[in-house]
Amino acid sequence: MRVLLILAVTVQLLASHSHAFGEEAFRLSASLETWGYFNHQAPTRDSYLNPDNGVVRVAPEQFVADFRLNMRLSSDAVDMVLQPRFLGESQENGSGKRNRSETGFRQAFARLAFGDGATLVAGRNVMAWGPANFRSPSSPFYFDSGKLNPLREVVGIDLLRLEQVTGQYSFALGHVFNTPEQNGSAASHTSFLKIDYQGAAFLASANVAKRNSGKPFFGAFAQHNMSDALMLYAEYGYGQRAGGMAIDAAQSPSFRPHSFGESATSILLGASYTLLDGQVVSLESLHDRRGYSGAEQDMYFDLLKQSAYLATNAPDPALRGRSLGMLGLAAANSPSLLGRNYLSLLWQSNPQESAQYWRVATIFNVHDRSGQISGYYEKNLSSRFSGFISGVRNLGPADSEFRSVVEQVLTVGIKAYIF
């Protein structure tokens, strides 16, 4: 409601601005996509974090209907975007069928151009940046920008932003009022400044962000086109991120969640190569100090093993309940990435090809040697329909990151382009 109120006021101001300065009539465009798909998930049978699927309660079968409406009203000086979403879901998790629905806005913002290269943006806007696919250390708002999951749609942040473009430089100054939970970040009431430099074959960016109650966040990225085929890039971030959990086996409870952890460094190095047929191969290496060290990750799973054993075997019902509570605490507050060092490889078809699209991605946790292999394939069936299939396979023992909850996921679906 707050986003809609801001947008309504902004629309009135923009309409007055357009009329006063004699801008041309607004142009309206709209599209509606409907995604319908079936999702099958196989919980890890010997999981310590989710024994007998009694903590996370992974739904083995899930039917999803996803309606994505996109509307744009624009003129030379004004741009207004509305992207309402409706998600309907029916799932079976072993204890019966459960239905739920969810509505919201992915984006709902207005952009006003005025002066020489200046724009003002108000509302809910996706403000992701950086060339990385696996994670984006340079962003205080989108550490996981969803680039490795074709089914995921990143939700915007509620902000007021002023931008100025001057030659090869651009500046953005703004304030974020709220970040939806889907972003995996709680950076509400955050002010930020971002500076970009665009060269012929080089792009660099630096930003600083500060929550009303919190430490500053510093981020930067750079990318350089070495040739038409090869691009090298890097992203850096230092500061606090939402969520996380400290581990201390000597205390009770041993897991202690915190809303914001200590400031730490994350850095990603990457390279992408474009083949002659347009296929792109990207290799990335991430070091994230917010994750657990090797010793801490081992301690994490040792504590899970103890809690899982007591939750399923303790004769005292109260002790079983406390142990299940400990596992629930761990499941809800584990870091977004459990470890500190990762390798990621992405190979995808030409993104400009319209008839079909495919991609294969792998992720590897260097410490516990667990990994994930995922694939996606989509093919146009007609001018208004396309079918897709997606699969994820998690590899490693039960006391490793990627296989700790789910072994594999298979998704089959269809997209309908209504208009």
# chains A, B, ... in the order shown; residues from 1 in each chain; ligands from 1
call {"tool": "closest_atom_pairs", "arguments": {"of": "segment 30-87 of chain A", "to": "segment 96-120 of chain A", "cutoff": "8 Å", "atoms": "only C-alpha atoms", "output": "JSON lines"}}
result
{"residue": "A:Ala77", "atom": "CA", "partner": "A:Ala113", "partner_atom": "CA", "distance": 4.8}
{"residue": "A:Val78", "atom": "CA", "partner": "A:Leu112", "partner_atom": "CA", "distance": 4.8}
{"residue": "A:Asp79", "atom": "CA", "partner": "A:Arg111", "partner_atom": "CA", "distance": 4.9}
{"residue": "A:Met80", "atom": "CA", "partner": "A:Ala110", "partner_atom": "CA", "distance": 4.2}
{"residue": "A:Val81", "atom": "CA", "partner": "A:Phe109", "partner_atom": "CA", "distance": 5.4}
{"residue": "A:Leu82", "atom": "CA", "partner": "A:Ala108", "partner_atom": "CA", "distance": 4.5}
{"residue": "A:Gln83", "atom": "CA", "partner": "A:Gln107", "partner_atom": "CA", "distance": 5.1}
{"residue": "A:Pro84", "atom": "CA", "partner": "A:Phe105", "partner_atom": "CA", "distance": 4.3}
{"residue": "A:Arg85", "atom": "CA", "partner": "A:Gly104", "partner_atom": "CA", "distance": 5.4}
{"residue": "A:Phe86", "atom": "CA", "partner": "A:Thr103", "partner_atom": "CA", "distance": 4.5}
{"residue": "A:Leu87", "atom": "CA", "partner": "A:Glu102", "partner_atom": "CA", "distance": 5.0}
call {"tool": "atom_distance", "arguments": {"atom1": "atom CA of Leu303 of chain A", "atom2": "atom CA of Leu395 of chain A"}}
result
21.3 Å
call {"tool": "residues_around", "arguments": {"residues": "Ser138 of chain A", "least_positions_apart": "6", "cutoff": "6 Å", "atoms": "only C-alpha atoms", "output": "list in words"}}
result
Gly219, Ala220, Glu235, Tyr236 and Gly237 of chain A
call {"tool": "residues_around", "arguments": {"residues": "Asn178 of chain A", "least_positions_apart": "2", "cutoff": "7 Å", "atoms": "only C-alpha atoms", "output": "PDB file with N, CA and C atoms, in the first residue's frame"}}
result
ATOM      1  N   ILE A 157      13.412  -3.013  -4.686  1.00  0.00           N
ATOM      2  CA  ILE A 157      13.507  -2.376  -3.379  1.00  0.00           C
ATOM      3  C   ILE A 157      12.784  -1.033  -3.446  1.00  0.00           C
ATOM      4  N   ASP A 158      12.200  -0.618  -2.329  1.00  0.00           N
ATOM      5  CA  ASP A 158      11.417   0.618  -2.272  1.00  0.00           C
ATOM      6  C   ASP A 158      12.354   1.783  -1.997  1.00  0.00           C
ATOM      7  N   VAL A 176      16.841   3.960   0.510  1.00  0.00           N
ATOM      8  CA  VAL A 176      16.006   2.762   0.445  1.00  0.00           C
ATOM      9  C   VAL A 176      15.143   2.700   1.700  1.00  0.00           C
ATOM     10  N   PRO A 180      12.095  -6.030   0.340  1.00  0.00           N
ATOM     11  CA  PRO A 180      11.264  -7.216   0.575  1.00  0.00           C
ATOM     12  C   PRO A 180      12.095  -8.416   0.998  1.00  0.00           C
ATOM     13  N   ALA A 187      18.008  -4.452   4.418  1.00  0.00           N
ATOM     14  CA  ALA A 187      18.718  -3.182   4.339  1.00  0.00           C
ATOM     15  C   ALA A 187      17.755  -2.012   4.336  1.00  0.00           C
ATOM     16  N   SER A 188      16.655  -2.113   5.106  1.00  0.00           N
ATOM     17  CA  SER A 188      15.684  -1.034   5.158  1.00  0.00           C
ATOM     18  C   SER A 188      16.304   0.222   5.746  1.00  0.00           C
ATOM     19  N   HIS A 189      15.801   1.387   5.288  1.00  0.00           N
ATOM     20  CA  HIS A 189      16.298   2.688   5.721  1.00  0.00           C
ATOM     21  C   HIS A 189      17.810   2.782   5.545  1.00  0.00           C
TER      22      HIS A 189
END
call {"tool": "residues_around", "arguments": {"residues": "Tyr197 of chain A", "least_positions_apart": "4", "cutoff": "12 Å", "atoms": "only C-alpha atoms", "output": "PyMOL selection string"}}
result
chain A and resi 165-171+201-207+220-224
call {"tool": "write_last_selection", "arguments": {"atoms": "C-alpha atoms", "output": "PDB file, in the first residue's frame"}}
result
ATOM      1  CA  VAL A 165      24.930  11.440 -16.128  1.00  0.00           C
ATOM      2  CA  THR A 166      27.896  13.657 -17.039  1.00  0.00           C
ATOM      3  CA  GLY A 167      30.038  12.493 -19.918  1.00  0.00           C
ATOM      4  CA  GLN A 168      31.546   9.106 -19.058  1.00  0.00           C
ATOM      5  CA  TYR A 169      30.473   9.342 -15.413  1.00  0.00           C
ATOM      6  CA  SER A 170      27.126   8.734 -13.734  1.00  0.00           C
ATOM      7  CA  PHE A 171      26.163   9.416 -10.131  1.00  0.00           C
ATOM      8  CA  ALA A 201      36.045  -1.309 -23.243  1.00  0.00           C
ATOM      9  CA  PHE A 202      36.079  -0.721 -19.494  1.00  0.00           C
ATOM     10  CA  LEU A 203      33.396  -0.228 -16.831  1.00  0.00           C
ATOM     11  CA  ALA A 204      34.072   0.560 -13.182  1.00  0.00           C
ATOM     12  CA  SER A 205      31.724   1.329 -10.308  1.00  0.00           C
ATOM     13  CA  ALA A 206      32.004   2.153  -6.612  1.00  0.00           C
ATOM     14  CA  ASN A 207      29.305   2.576  -3.982  1.00  0.00           C
ATOM     15  CA  ALA A 220      33.000  -1.875  -6.163  1.00  0.00           C
ATOM     16  CA  PHE A 221      33.185  -3.779  -9.435  1.00  0.00           C
ATOM     17  CA  ALA A 222      35.104  -3.523 -12.692  1.00  0.00           C
ATOM     18  CA  GLN A 223      34.952  -5.295 -16.022  1.00  0.00           C
ATOM     19  CA  HIS A 224      37.271  -5.096 -19.012  1.00  0.00           C
TER      20      HIS A 224
END
call {"tool": "select_by_dssp", "arguments": {"residues": "segment 16-143 of chain A", "states": "helix (DSSP H, G or I)", "output": "list in words"}}
result
Ser16, His17, Ser18, His19, Ala20, Pro51, Asp52 and Asn53 of chain A
call {"tool": "residues_around", "arguments": {"residues": "Leu319 of chain A", "least_positions_apart": "4", "cutoff": "12 Å", "atoms": "only C-alpha atoms", "output": "PyMOL selection string"}}
result
chain A and resi 306-315+323-326
call {"tool": "write_last_selection", "arguments": {"atoms": "C-alpha atoms", "output": "PDB file, in the first residue's frame"}}
result
ATOM      1  CA  GLN A 306      24.063 -34.423  17.954  1.00  0.00           C
ATOM      2  CA  SER A 307      20.745 -32.568  17.714  1.00  0.00           C
ATOM      3  CA  ALA A 308      19.420 -34.904  14.988  1.00  0.00           C
ATOM      4  CA  TYR A 309      20.263 -37.979  17.074  1.00  0.00           C
ATOM      5  CA  LEU A 310      18.532 -36.573  20.177  1.00  0.00           C
ATOM      6  CA  ALA A 311      15.530 -35.354  18.162  1.00  0.00           C
ATOM      7  CA  THR A 312      14.860 -38.875  16.883  1.00  0.00           C
ATOM      8  CA  ASN A 313      16.177 -41.114  19.689  1.00  0.00           C
ATOM      9  CA  ALA A 314      16.018 -39.304  23.043  1.00  0.00           C
ATOM     10  CA  PRO A 315      13.573 -41.013  25.460  1.00  0.00           C
ATOM     11  CA  SER A 323      16.643 -30.717  19.839  1.00  0.00           C
ATOM     12  CA  LEU A 324      14.099 -30.177  17.061  1.00  0.00           C
ATOM     13  CA  GLY A 325      13.989 -26.511  18.052  1.00  0.00           C
ATOM     14  CA  MET A 326      17.782 -26.332  17.734  1.00  0.00           C
TER      15      MET A 326
END
